[in-house]
>>> print(open('my_file03.json').read())   # JSON, C-alpha atoms
[["chain", "number", "residue", "atom", "x", "y", "z"],
["P", 263, "MET", "CA", 135.62, 86.76, 100.05],
["P", 264, "SER", "CA", 137.53, 87.08, 96.84],
["P", 265, "ALA", "CA", 137.02, 84.35, 94.29],
["P", 266, "GLU", "CA", 140.24, 82.41, 93.81],
["P", 267, "GLY", "CA", 141.95, 83.41, 90.61],
["P", 268, "THR", "CA", 139.22, 85.81, 89.52],
["P", 269, "ILE", "CA", 139.80, 89.07, 91.36],
["P", 270, "ALA", "CA", 143.53, 89.10, 91.91],
["P", 271, "ALA", "CA", 145.22, 92.46, 92.27],
["P", 272, "THR", "CA", 148.49, 93.23, 90.53],
["P", 273, "PRO", "CA", 151.36, 92.08, 92.79],
["P", 274, "GLY", "CA", 152.82, 94.96, 94.84],
["P", 275, "LYS", "CA", 149.96, 97.26, 93.86],
["P", 276, "GLN", "CA", 147.32, 98.51, 96.29],
["P", 277, "LYS", "CA", 143.96, 96.88, 95.63],
["P", 278, "PRO", "CA", 141.38, 99.59, 94.92],
["P", 279, "VAL", "CA", 138.38, 99.89, 97.23],
["P", 280, "SER", "CA", 135.54, 97.92, 95.67],
["P", 281, "TRP", "CA", 132.23, 99.73, 96.04],
["P", 282, "VAL", "CA", 130.70, 96.94, 93.97],
["P", 283, "ASN", "CA", 131.27, 94.63, 96.94],
["P", 284, "LEU", "CA", 129.14, 96.96, 99.08],
["P", 285, "ALA", "CA", 126.25, 96.89, 96.64],
["P", 286, "LEU", "CA", 126.49, 93.14, 96.05],
["P", 287, "GLY", "CA", 126.67, 92.36, 99.75],
["P", 288, "GLY", "CA", 123.57, 94.37, 100.55],
["P", 289, "ALA", "CA", 121.62, 92.87, 97.66],
["P", 290, "ILE", "CA", 122.59, 89.26, 98.40],
["P", 291, "GLN", "CA", 121.77, 89.45, 102.11],
["P", 292, "THR", "CA", 118.45, 91.21, 101.48],
["P", 293, "PHE", "CA", 117.53, 88.37, 99.11],
["P", 294, "GLU", "CA", 118.63, 85.80, 101.72],
["P", 295, "VAL", "CA", 116.58, 87.23, 104.57],
["P", 296, "SER", "CA", 113.49, 87.79, 102.39],
["P", 297, "THR", "CA", 113.35, 84.14, 101.30],
["P", 298, "LEU", "CA", 114.31, 81.35, 103.73],
["P", 299, "GLY", "CA", 116.53, 83.37, 106.05],
["P", 300, "GLN", "CA", 113.87, 85.07, 108.19],
["P", 301, "PRO", "CA", 111.76, 81.91, 108.83],
["P", 302, "PHE", "CA", 114.90, 80.11, 110.07],
["P", 303, "GLU", "CA", 115.74, 83.18, 112.19],
["P", 304, "VAL", "CA", 112.28, 83.41, 113.75],
["P", 305, "VAL", "CA", 112.08, 79.71, 114.71],
["P", 306, "LYS", "CA", 115.68, 79.74, 116.00],
["P", 307, "THR", "CA", 114.99, 82.82, 118.13],
["P", 308, "HIS", "CA", 111.75, 81.36, 119.49],
["P", 309, "MET", "CA", 113.52, 78.16, 120.57],
["P", 310, "ALA", "CA", 116.41, 80.06, 122.14],
["P", 311, "ALA", "CA", 114.01, 82.26, 124.12],
["P", 312, "ASN", "CA", 111.49, 79.51, 124.95],
["P", 313, "ARG", "CA", 113.94, 76.76, 125.83],
["P", 314, "ASN", "CA", 111.27, 74.23, 126.81],
["P", 315, "ASP", "CA", 109.75, 74.26, 123.31],
["P", 316, "GLY", "CA", 110.90, 71.70, 120.75],
["P", 317, "LEU", "CA", 111.26, 72.33, 117.02],
["P", 318, "LEU", "CA", 107.74, 71.20, 116.06],
["P", 319, "GLN", "CA", 106.14, 73.10, 118.92],
["P", 320, "SER", "CA", 108.09, 76.24, 117.99],
["P", 321, "VAL", "CA", 106.91, 76.01, 114.38],
["P", 322, "GLN", "CA", 103.30, 75.52, 115.54],
["P", 323, "LYS", "CA", 103.41, 78.47, 117.95],
["P", 324, "THR", "CA", 105.02, 80.69, 115.33],
["P", 325, "TYR", "CA", 102.25, 79.81, 112.88],
["P", 326, "GLN", "CA", 99.61, 80.53, 115.53],
["P", 327, "ARG", "CA", 101.07, 84.03, 115.99],
["P", 328, "GLY", "CA", 100.27, 85.05, 112.43],
["P", 329, "GLY", "CA", 100.11, 82.21, 109.93],
["P", 330, "ILE", "CA", 102.78, 82.33, 107.23],
["P", 331, "LYS", "CA", 103.39, 85.99, 108.11],
["P", 332, "GLY", "CA", 104.39, 84.82, 111.58],
["P", 333, "PHE", "CA", 107.58, 83.37, 110.10],
["P", 334, "TYR", "CA", 108.50, 86.81, 108.77],
["P", 335, "GLN", "CA", 108.10, 88.75, 112.03],
["P", 336, "GLY", "CA", 110.64, 91.55, 112.16],
["P", 337, "LEU", "CA", 111.36, 91.39, 108.42],
["P", 338, "ILE", "CA", 110.07, 94.89, 107.73],
["P", 339, "PRO", "CA", 111.71, 97.20, 108.52],
["P", 340, "TRP", "CA", 114.35, 95.74, 110.86],
["P", 341, "ALA", "CA", 115.61, 92.71, 108.93],
["P", 342, "TRP", "CA", 115.64, 94.66, 105.65],
["P", 343, "ILE", "CA", 117.57, 97.55, 107.22],
["P", 344, "GLU", "CA", 119.97, 95.11, 108.85],
["P", 345, "ALA", "CA", 120.45, 92.90, 105.78],
["P", 346, "SER", "CA", 120.97, 95.73, 103.29],
["P", 347, "THR", "CA", 123.66, 97.25, 105.49],
["P", 348, "LYS", "CA", 125.34, 94.31, 107.23],
["P", 349, "GLY", "CA", 125.67, 92.36, 103.98],
["P", 350, "ALA", "CA", 127.45, 95.31, 102.41],
["P", 351, "VAL", "CA", 129.71, 95.74, 105.45],
["P", 352, "LEU", "CA", 130.53, 92.00, 105.57],
["P", 353, "LEU", "CA", 131.36, 91.56, 101.89],
["P", 354, "PHE", "CA", 133.37, 94.78, 101.77],
["P", 355, "ALA", "CA", 135.31, 94.37, 105.03],
["P", 356, "SER", "CA", 136.01, 90.65, 104.67],
["P", 357, "SER", "CA", 137.15, 91.05, 101.06],
["P", 358, "GLU", "CA", 139.58, 93.82, 101.98],
["P", 359, "ILE", "CA", 140.95, 91.95, 105.01],
["P", 360, "GLU", "CA", 141.31, 88.70, 103.04],
["P", 361, "HIS", "CA", 143.22, 90.52, 100.31],
["P", 362, "VAL", "CA", 145.65, 92.13, 102.78],
["P", 363, "ALA", "CA", 146.11, 88.84, 104.67],
["P", 364, "LYS", "CA", 146.90, 86.87, 101.51],
["P", 365, "LYS", "CA", 149.22, 89.62, 100.32],
["P", 366, "GLY", "CA", 151.01, 89.27, 103.67],
["P", 367, "GLY", "CA", 151.64, 85.58, 103.01],
["P", 368, "LEU", "CA", 148.82, 83.93, 104.98],
["P", 369, "SER", "CA", 147.09, 80.83, 103.65],
["P", 370, "ALA", "CA", 143.60, 80.97, 102.16],
["P", 371, "THR", "CA", 142.19, 79.39, 105.33],
["P", 372, "ALA", "CA", 143.92, 81.84, 107.71],
["P", 373, "ALA", "CA", 142.98, 84.78, 105.51],
["P", 374, "GLY", "CA", 139.38, 83.54, 105.43],
["P", 375, "VAL", "CA", 139.25, 83.30, 109.23],
["P", 376, "LEU", "CA", 140.64, 86.83, 109.66],
["P", 377, "GLY", "CA", 138.40, 88.24, 106.95],
["P", 378, "GLY", "CA", 135.31, 86.63, 108.43],
["P", 379, "MET", "CA", 136.13, 87.73, 111.99],
["P", 380, "GLY", "CA", 136.84, 91.30, 110.94],
["P", 381, "GLY", "CA", 133.76, 91.48, 108.77],
["P", 382, "GLY", "CA", 131.60, 90.05, 111.55],
["P", 383, "VAL", "CA", 132.80, 92.55, 114.17],
["P", 384, "ALA", "CA", 132.36, 95.40, 111.69],
["P", 385, "GLN", "CA", 128.77, 94.26, 111.12],
["P", 386, "ALA", "CA", 127.91, 94.18, 114.81],
["P", 387, "TYR", "CA", 129.20, 97.63, 115.73],
["P", 388, "THR", "CA", 128.15, 99.52, 112.62],
["P", 389, "THR", "CA", 124.71, 98.28, 111.60],
["P", 390, "MET", "CA", 123.44, 95.25, 113.52],
["P", 391, "GLY", "CA", 123.01, 96.33, 117.15],
["P", 392, "PHE", "CA", 119.57, 97.86, 117.26],
["P", 393, "CYS", "CA", 118.20, 95.90, 114.28],
["P", 394, "THR", "CA", 119.06, 92.53, 115.82],
["P", 395, "PHE", "CA", 117.57, 93.70, 119.12],
["P", 396, "MET", "CA", 114.31, 94.82, 117.49],
["P", 397, "LYS", "CA", 114.00, 91.58, 115.50],
["P", 398, "THR", "CA", 114.28, 89.65, 118.77],
["P", 399, "VAL", "CA", 111.72, 91.98, 120.37],
["P", 400, "GLU", "CA", 109.27, 91.25, 117.56],
["P", 401, "VAL", "CA", 109.61, 87.48, 117.99],
["P", 402, "THR", "CA", 109.48, 87.45, 121.81],
["P", 403, "ARG", "CA", 107.06, 90.25, 122.76],
["P", 404, "HIS", "CA", 103.45, 89.51, 123.66],
["P", 405, "LYS", "CA", 101.05, 89.75, 120.72],
["P", 406, "GLY", "CA", 97.77, 88.60, 122.25],
["P", 407, "ALA", "CA", 94.33, 90.19, 121.89],
["P", 408, "GLY", "CA", 94.56, 93.97, 122.04],
["P", 409, "ALA", "CA", 98.34, 93.96, 121.67],
["P", 410, "ASN", "CA", 98.33, 96.04, 118.49],
["P", 411, "THR", "CA", 101.34, 98.25, 119.25],
["P", 412, "SER", "CA", 103.40, 98.68, 116.09],
["P", 413, "THR", "CA", 107.05, 97.74, 115.95],
["P", 414, "LEU", "CA", 108.05, 101.40, 115.51],
["P", 415, "GLN", "CA", 106.03, 102.34, 118.62],
["P", 416, "VAL", "CA", 107.82, 99.62, 120.58],
["P", 417, "ALA", "CA", 111.19, 100.97, 119.40],
["P", 418, "ALA", "CA", 110.16, 104.52, 120.39],
["P", 419, "GLU", "CA", 109.05, 103.34, 123.85],
["P", 420, "ILE", "CA", 112.36, 101.52, 124.44],
["P", 421, "PHE", "CA", 114.34, 104.56, 123.29],
["P", 422, "LYS", "CA", 112.30, 106.88, 125.55],
["P", 423, "ARG", "CA", 112.76, 104.55, 128.52],
["P", 424, "GLU", "CA", 116.38, 103.42, 128.07],
["P", 425, "GLY", "CA", 117.91, 105.63, 125.39],
["P", 426, "ILE", "CA", 120.29, 104.41, 122.69],
["P", 427, "THR", "CA", 121.76, 101.89, 125.13],
["P", 428, "GLY", "CA", 118.41, 100.13, 125.37],
["P", 429, "LEU", "CA", 118.16, 99.77, 121.60],
["P", 430, "ASN", "CA", 121.64, 98.26, 121.52],
["P", 431, "ARG", "CA", 121.15, 95.86, 124.41],
["P", 432, "GLY", "CA", 123.16, 92.70, 123.86],
["P", 433, "VAL", "CA", 125.41, 94.23, 121.18],
["P", 434, "SER", "CA", 128.49, 92.73, 122.86],
["P", 435, "ALA", "CA", 127.00, 89.26, 122.44],
["P", 436, "VAL", "CA", 126.13, 90.12, 118.83],
["P", 437, "ALA", "CA", 129.76, 91.11, 118.20],
["P", 438, "VAL", "CA", 131.13, 87.87, 119.66],
["P", 439, "ARG", "CA", 128.57, 85.86, 117.71],
["P", 440, "GLN", "CA", 129.30, 87.60, 114.41],
["P", 441, "MET", "CA", 133.07, 87.37, 114.89],
["P", 442, "THR", "CA", 132.90, 83.62, 115.54],
["P", 443, "ASN", "CA", 130.13, 83.12, 112.96],
["P", 444, "TRP", "CA", 131.94, 84.52, 109.97],
["P", 445, "GLY", "CA", 135.42, 83.60, 111.12],
["P", 446, "SER", "CA", 134.20, 79.99, 111.21],
["P", 447, "ARG", "CA", 131.97, 80.08, 108.13],
["P", 448, "LEU", "CA", 134.53, 81.70, 105.87],
["P", 449, "GLY", "CA", 137.52, 79.91, 107.40],
["P", 450, "ILE", "CA", 135.94, 76.45, 107.19],
["P", 451, "ALA", "CA", 134.67, 77.13, 103.66],
["P", 452, "ARG", "CA", 138.16, 78.20, 102.53],
["P", 453, "PHE", "CA", 139.74, 75.20, 104.29],
["P", 454, "THR", "CA", 137.29, 72.89, 102.50],
["P", 455, "GLU", "CA", 138.13, 74.52, 99.18],
["P", 456, "SER", "CA", 141.86, 73.99, 99.87],
["P", 457, "ALA", "CA", 141.22, 70.37, 100.84],
["P", 458, "ILE", "CA", 139.35, 69.76, 97.59],
["P", 459, "ARG", "CA", 142.33, 71.13, 95.64],
["P", 460, "TYR", "CA", 144.77, 69.05, 97.71],
["P", 461, "PHE", "CA", 143.06, 65.78, 96.85],
["P", 462, "ARG", "CA", 142.80, 66.54, 93.14],
["P", 463, "PRO", "CA", 145.17, 65.01, 90.61],
["P", 464, "ASP", "CA", 148.32, 67.12, 90.15],
["P", 465, "SER", "CA", 147.23, 68.17, 86.68],
["P", 466, "THR", "CA", 144.05, 69.85, 88.00],
["P", 467, "LYS", "CA", 145.21, 71.32, 91.34],
["P", 468, "ASP", "CA", 145.53, 74.85, 89.94],
["P", 469, "MET", "CA", 142.20, 74.83, 88.13],
["P", 470, "GLN", "CA", 139.31, 76.85, 89.50],
["P", 471, "LEU", "CA", 136.80, 74.96, 91.63],
["P", 472, "SER", "CA", 133.60, 73.88, 89.95],
["P", 473, "THR", "CA", 130.24, 75.30, 90.96],
["P", 474, "GLY", "CA", 129.40, 72.10, 92.82],
["P", 475, "GLU", "CA", 132.72, 72.11, 94.71],
["P", 476, "ARG", "CA", 132.32, 75.73, 95.85],
["P", 477, "LEU", "CA", 128.71, 75.09, 96.84],
["P", 478, "PHE", "CA", 129.79, 72.05, 98.87],
["P", 479, "ALA", "CA", 132.47, 74.10, 100.65],
["P", 480, "SER", "CA", 129.89, 76.76, 101.59],
["P", 481, "VAL", "CA", 127.48, 74.13, 102.95],
["P", 482, "ILE", "CA", 130.22, 72.62, 105.13],
["P", 483, "GLY", "CA", 131.26, 76.08, 106.37],
["P", 484, "GLY", "CA", 127.70, 77.09, 107.21],
["P", 485, "GLY", "CA", 126.85, 73.88, 109.02],
["P", 486, "LEU", "CA", 129.99, 73.46, 111.13],
["P", 487, "ALA", "CA", 130.06, 77.14, 112.12],
["P", 488, "CYS", "CA", 127.08, 76.55, 114.42],
["P", 489, "TRP", "CA", 129.40, 75.31, 117.17],
["P", 490, "ASN", "CA", 128.94, 78.76, 118.77],
["P", 491, "GLN", "CA", 125.21, 78.30, 119.44],
["P", 492, "PRO", "CA", 125.70, 79.04, 123.19],
["P", 493, "ILE", "CA", 126.67, 82.61, 122.26],
["P", 494, "GLU", "CA", 123.48, 82.95, 120.23],
["P", 495, "VAL", "CA", 121.28, 81.64, 123.08],
["P", 496, "ILE", "CA", 122.93, 84.13, 125.46],
["P", 497, "ARG", "CA", 122.34, 86.94, 122.95],
["P", 498, "VAL", "CA", 118.65, 86.05, 122.57],
["P", 499, "GLU", "CA", 118.16, 85.86, 126.34],
["P", 500, "MET", "CA", 119.77, 89.28, 126.79],
["P", 501, "GLN", "CA", 117.41, 90.81, 124.22],
["P", 502, "SER", "CA", 114.26, 88.78, 124.95],
["P", 503, "GLN", "CA", 111.03, 90.55, 125.94],
["P", 504, "LEU", "CA", 109.53, 87.48, 127.64],
["P", 505, "LYS", "CA", 108.30, 88.30, 131.12],
["P", 506, "ASP", "CA", 109.97, 86.14, 133.77],
["P", 507, "PRO", "CA", 109.96, 87.40, 137.39],
["P", 508, "ALA", "CA", 112.79, 85.00, 138.20],
["P", 509, "ARG", "CA", 115.15, 86.61, 135.70],
["P", 510, "PRO", "CA", 117.42, 89.36, 137.05],
["P", 511, "THR", "CA", 117.36, 92.64, 135.16],
["P", 512, "ASN", "CA", 120.21, 94.19, 133.17],
["P", 513, "LEU", "CA", 122.19, 90.96, 132.83],
["P", 514, "GLY", "CA", 125.57, 91.02, 131.11],
["P", 515, "LEU", "CA", 127.17, 88.20, 129.14],
["P", 516, "VAL", "CA", 128.41, 86.25, 132.16],
["P", 517, "GLY", "CA", 125.27, 86.83, 134.24],
["P", 518, "THR", "CA", 123.05, 85.69, 131.37],
["P", 519, "ALA", "CA", 125.14, 82.54, 130.89],
["P", 520, "LYS", "CA", 124.78, 81.71, 134.60],
["P", 521, "TYR", "CA", 121.02, 82.28, 134.44],
["P", 522, "ILE", "CA", 120.62, 79.92, 131.45],
["P", 523, "TRP", "CA", 122.78, 77.27, 133.15],
["P", 524, "GLN", "CA", 120.74, 77.44, 136.34],
["P", 525, "ARG", "CA", 117.40, 77.22, 134.49],
["P", 526, "ASN", "CA", 118.15, 74.80, 131.66],
["P", 527, "GLY", "CA", 121.57, 73.25, 132.20],
["P", 528, "PHE", "CA", 124.07, 72.45, 129.44],
["P", 529, "LEU", "CA", 121.47, 71.59, 126.80],
["P", 530, "GLY", "CA", 119.83, 74.98, 127.26],
["P", 531, "PHE", "CA", 122.76, 76.54, 125.44],
["P", 532, "TYR", "CA", 121.94, 74.50, 122.33],
["P", 533, "ARG", "CA", 118.23, 75.22, 122.01],
["P", 534, "GLY", "CA", 117.47, 76.30, 118.45],
["P", 535, "VAL", "CA", 120.60, 74.79, 116.97],
["P", 536, "THR", "CA", 118.67, 72.79, 114.31],
["P", 537, "PRO", "CA", 117.04, 75.79, 112.57],
["P", 538, "ARG", "CA", 120.30, 77.70, 113.05],
["P", 539, "ILE", "CA", 122.19, 75.04, 111.09],
["P", 540, "GLY", "CA", 119.66, 75.50, 108.29],
["P", 541, "LEU", "CA", 120.08, 79.26, 108.51],
["P", 542, "GLY", "CA", 123.88, 79.00, 108.63],
["P", 543, "ILE", "CA", 124.04, 76.79, 105.55],
["P", 544, "TYR", "CA", 121.63, 78.95, 103.56],
["P", 545, "LEU", "CA", 123.32, 82.21, 104.60],
["P", 546, "THR", "CA", 126.82, 80.91, 103.85],
["P", 547, "VAL", "CA", 125.75, 79.59, 100.45],
["P", 548, "CYS", "CA", 124.29, 83.01, 99.64],
["P", 549, "MET", "CA", 127.17, 85.13, 100.97],
["P", 550, "VAL", "CA", 130.22, 82.95, 100.23],
["P", 551, "PHE", "CA", 129.22, 80.92, 97.17],
["P", 552, "GLY", "CA", 126.83, 83.59, 95.84],
["P", 553, "GLY", "CA", 129.17, 86.45, 96.73],
["P", 554, "ASP", "CA", 132.18, 84.82, 95.06],
["P", 555, "SER", "CA", 130.16, 83.95, 91.97],
["P", 556, "LEU", "CA", 128.71, 87.44, 91.54],
["P", 557, "LYS", "CA", 132.04, 89.16, 92.19],
["P", 558, "ALA", "CA", 133.70, 86.93, 89.60],
["P", 559, "TRP", "CA", 130.90, 87.74, 87.13],
["P", 560, "VAL", "CA", 131.26, 91.49, 87.74],
["P", 561, "ALA", "CA", 135.06, 91.30, 87.43],
["P", 562, "GLN", "CA", 134.72, 89.46, 84.13],
["P", 563, "LYS", "CA", 132.29, 92.09, 82.83],
["P", 564, "HIS", "CA", 134.74, 94.87, 83.68],
["P", 565, "SER", "CA", 137.88, 93.11, 82.43]]
>>> encode(input="my_file03.json", output="structure tokens")
Amino acid sequence: MSAEGTIAATPGKQKPVSWVNLALGGAIQTFEVSTLGQPFEVVKTHMAANRNDGLLQSVQKTYQRGGIKGFYQGLIPWAWIEASTKGAVLLFASSEIEHVAKKGGLSATAAGVLGGMGGGVAQAYTTMGFCTFMKTVEVTRHKGAGANTSTLQVAAEIFKREGITGLNRGVSAVAVRQMTNWGSRLGIARFTESAIRYFRPDSTKDMQLSTGERLFASVIGGGLACWNQPIEVIRVEMQSQLKDPARPTNLGLVGTAKYIWQRNGFLGFYRGVTPRIGLGIYLTVCMVFGGDSLKAWVAQKHS
């Protein structure tokens, strides 16, 4: 996610590993999830797991589960652990891959797609597996009267019963989601940036994009990247703690997809897409626009 024209390495010289990108990535994503990110995540997950609930009903039920705090279920410790690590992994891995891809002659769009895909897969298999699972558990598990089991106790029970595999249930779906998420978000954002430059007058084509132009590109990337909502619904169903005697146990990706199709049809794969668009836009603005801006600021300070 290198800012165009701001963090260019010397031609033919190996770009040094940027530990600043690790710190920035973790800080930006922790900020994102602690503000609007987690409420979008909770409502999206509720709708994907409870596919007969509409947006308004999902918001109402979430509020009934704990008031305003209900929209931040799973924030502490799981979302904070996940955000502080996956943000660092994403910004670091995608930046390095983008740099190598551009150095190899690929366009900004192609480099963005590769960087996003690589960063997304790296997220899933290094830091996100059990955290994403436990966030989904928090949103979907029963919390009625007397259900005062803490989130750490739930994690310990799952580990005792199913081992490390149980805590990473659905990680394959997480990996596919993250690969397509960030490949699309970053690729579409970079394509939009290139399109903005293309339609500029010749005298301004090589000038850096304005703040508004980069923000617009991030919004477009975040919104259009939600085409992969079916993968997210499958992931939620694989990790859901809702009790349904009709649901087979230990479903894989294909089996879960068949189950959703049989129960809810085509539209079932797009439950929760509205809050996910909001989440995608906000997250992409933070990580792409915010990440580029902060990296450019840091580079300027150290120049």
>>> closest_atom_pairs(input="my_file03.json", of="stretch 390-507 of chain P", to="stretch 364-382 of chain P", cutoff="9 Å", atoms="only C-alpha atoms", output="JSON lines")
{"residue": "P:Ala437", "atom": "CA", "partner": "P:Gly382", "partner_atom": "CA", "distance": 7.0}
{"residue": "P:Val438", "atom": "CA", "partner": "P:Gly382", "partner_atom": "CA", "distance": 8.4}
{"residue": "P:Arg439", "atom": "CA", "partner": "P:Gly382", "partner_atom": "CA", "distance": 8.0}
{"residue": "P:Gln440", "atom": "CA", "partner": "P:Gly382", "partner_atom": "CA", "distance": 4.4}
{"residue": "P:Met441", "atom": "CA", "partner": "P:Met379", "partner_atom": "CA", "distance": 4.2}
{"residue": "P:Thr442", "atom": "CA", "partner": "P:Met379", "partner_atom": "CA", "distance": 6.3}
{"residue": "P:Asn443", "atom": "CA", "partner": "P:Gly382", "partner_atom": "CA", "distance": 7.2}
{"residue": "P:Trp444", "atom": "CA", "partner": "P:Gly378", "partner_atom": "CA", "distance": 4.3}
{"residue": "P:Gly445", "atom": "CA", "partner": "P:Gly378", "partner_atom": "CA", "distance": 4.1}
{"residue": "P:Ser446", "atom": "CA", "partner": "P:Val375", "partner_atom": "CA", "distance": 6.4}
{"residue": "P:Arg447", "atom": "CA", "partner": "P:Gly378", "partner_atom": "CA", "distance": 7.4}
{"residue": "P:Leu448", "atom": "CA", "partner": "P:Gly374", "partner_atom": "CA", "distance": 5.2}
{"residue": "P:Gly449", "atom": "CA", "partner": "P:Val375", "partner_atom": "CA", "distance": 4.2}
{"residue": "P:Ile450", "atom": "CA", "partner": "P:Thr371", "partner_atom": "CA", "distance": 7.2}
{"residue": "P:Ala451", "atom": "CA", "partner": "P:Thr371", "partner_atom": "CA", "distance": 8.0}
{"residue": "P:Arg452", "atom": "CA", "partner": "P:Thr371", "partner_atom": "CA", "distance": 5.0}
{"residue": "P:Phe453", "atom": "CA", "partner": "P:Thr371", "partner_atom": "CA", "distance": 5.0}
{"residue": "P:Thr454", "atom": "CA", "partner": "P:Thr371", "partner_atom": "CA", "distance": 8.6}
{"residue": "P:Glu455", "atom": "CA", "partner": "P:Thr371", "partner_atom": "CA", "distance": 8.8}
{"residue": "P:Ser456", "atom": "CA", "partner": "P:Ala370", "partner_atom": "CA", "distance": 7.5}
>>> residues_near_point(input="my_file03.json", point="(130.0, 72.0, 109.2)", cutoff="9 Å", atoms="all atoms listed in the file", output="list in words")
Arg447, Ile450, Ala451, Ser480, Val481, Ile482, Gly483, Gly484, Gly485, Leu486, Ala487, Cys488, Trp489, Ile539 and Ile543 of chain P
>>> closest_residue(input="my_file03.json", among="P:Glu400, P:Asp315, P:Glu475, P:Glu344", to="P:Gln385", atoms="all atoms listed in the file")
P:Glu344
>>> residues_around(input="my_file03.json", residues="P:Gly530", least_positions_apart="6", cutoff="12 Å", atoms="all atoms listed in the file", output="list in words")
Met309, Ala310, Ala311, Asn312, Arg313, Asn314, Asp315, Gly316, Gln491, Pro492, Ile493, Glu494, Val495, Ile496, Glu499, Thr518, Ala519, Lys520, Tyr521, Ile522, Trp523 and Gln524 of chain P
>>> residues_around(input="my_file03.json", residues="P:Phe293", least_positions_apart="4", cutoff="12 Å", atoms="all atoms listed in the file", output="ChimeraX atom specification")
/P:286-289,297-300,337,341-342,345-346,349,544-545,548-549,552
>>> atom_distance(input="my_file03.json", atom1="atom CA of P:Val321", atom2="atom CA of P:Pro510")
28.3 Å
>>> residues_near_point(input="my_file03.json", point="(129.3, 90.9, 125.3)", cutoff="6 Å", atoms="only C-alpha atoms", output="JSON list (two decimals) with C-alpha atoms, in the frame of the given file")
[["chain", "number", "residue", "atom", "x", "y", "z"],
["P", 434, "SER", "CA", 128.49, 92.73, 122.86],
["P", 435, "ALA", "CA", 127.00, 89.26, 122.44],
["P", 515, "LEU", "CA", 127.17, 88.20, 129.14]]
>>> atom_distance(input="my_file03.json", atom1="atom CA of P:Ser555", atom2="atom CA of P:Phe461")
22.8 Å
>>> atom_distance(input="my_file03.json", atom1="atom CA of P:Gln291", atom2="atom CA of P:Gln562")
22.2 Å
>>> build_atoms(input="my_file03.json", residues="stretch 533-548 of chain P", atoms="N, CA and C atoms", output="mmCIF file, in the coordinates of the input")
data_model
loop_
_atom_site.group_PDB
_atom_site.id
_atom_site.type_symbol
_atom_site.label_atom_id
_atom_site.label_comp_id
_atom_site.auth_asym_id
_atom_site.auth_seq_id
_atom_site.Cartn_x
_atom_site.Cartn_y
_atom_site.Cartn_z
ATOM 1 N N ARG P 533 119.592 75.139 122.511
ATOM 2 C CA ARG P 533 118.230 75.220 122.010
ATOM 3 C C ARG P 533 118.211 76.071 120.743
ATOM 4 N N GLY P 534 117.545 75.575 119.718
ATOM 5 C CA GLY P 534 117.470 76.300 118.450
ATOM 6 C C GLY P 534 118.602 76.017 117.497
ATOM 7 N N VAL P 535 119.450 75.034 117.826
ATOM 8 C CA VAL P 535 120.600 74.790 116.970
ATOM 9 C C VAL P 535 120.189 74.202 115.615
ATOM 10 N N THR P 536 119.091 73.413 115.580
ATOM 11 C CA THR P 536 118.670 72.790 114.310
ATOM 12 C C THR P 536 118.278 73.838 113.266
ATOM 13 N N PRO P 537 117.330 74.759 113.583
ATOM 14 C CA PRO P 537 117.040 75.790 112.570
ATOM 15 C C PRO P 537 118.229 76.695 112.296
ATOM 16 N N ARG P 538 119.129 76.851 113.284
ATOM 17 C CA ARG P 538 120.300 77.700 113.050
ATOM 18 C C ARG P 538 121.255 77.042 112.071
ATOM 19 N N ILE P 539 121.364 75.727 112.087
ATOM 20 C CA ILE P 539 122.190 75.040 111.090
ATOM 21 C C ILE P 539 121.627 75.295 109.699
ATOM 22 N N GLY P 540 120.288 75.189 109.577
ATOM 23 C CA GLY P 540 119.660 75.500 108.290
ATOM 24 C C GLY P 540 119.926 76.924 107.867
ATOM 25 N N LEU P 541 119.810 77.864 108.815
ATOM 26 C CA LEU P 541 120.080 79.260 108.510
ATOM 27 C C LEU P 541 121.540 79.474 108.138
ATOM 28 N N GLY P 542 122.449 78.834 108.896
ATOM 29 C CA GLY P 542 123.880 79.000 108.630
ATOM 30 C C GLY P 542 124.270 78.498 107.248
ATOM 31 N N ILE P 543 123.736 77.347 106.864
ATOM 32 C CA ILE P 543 124.040 76.790 105.550
ATOM 33 C C ILE P 543 123.504 77.708 104.442
ATOM 34 N N TYR P 544 122.246 78.116 104.589
ATOM 35 C CA TYR P 544 121.630 78.950 103.560
ATOM 36 C C TYR P 544 122.339 80.299 103.441
ATOM 37 N N LEU P 545 122.649 80.908 104.595
ATOM 38 C CA LEU P 545 123.320 82.210 104.600
ATOM 39 C C LEU P 545 124.719 82.121 104.009
ATOM 40 N N THR P 546 125.454 81.055 104.362
ATOM 41 C CA THR P 546 126.820 80.910 103.850
ATOM 42 C C THR P 546 126.822 80.630 102.350
ATOM 43 N N VAL P 547 125.870 79.840 101.892
ATOM 44 C CA VAL P 547 125.750 79.590 100.450
ATOM 45 C C VAL P 547 125.491 80.914 99.727
ATOM 46 N N CYS P 548 124.596 81.735 100.283
ATOM 47 C CA CYS P 548 124.290 83.010 99.640
ATOM 48 C C CYS P 548 125.497 83.953 99.647
#
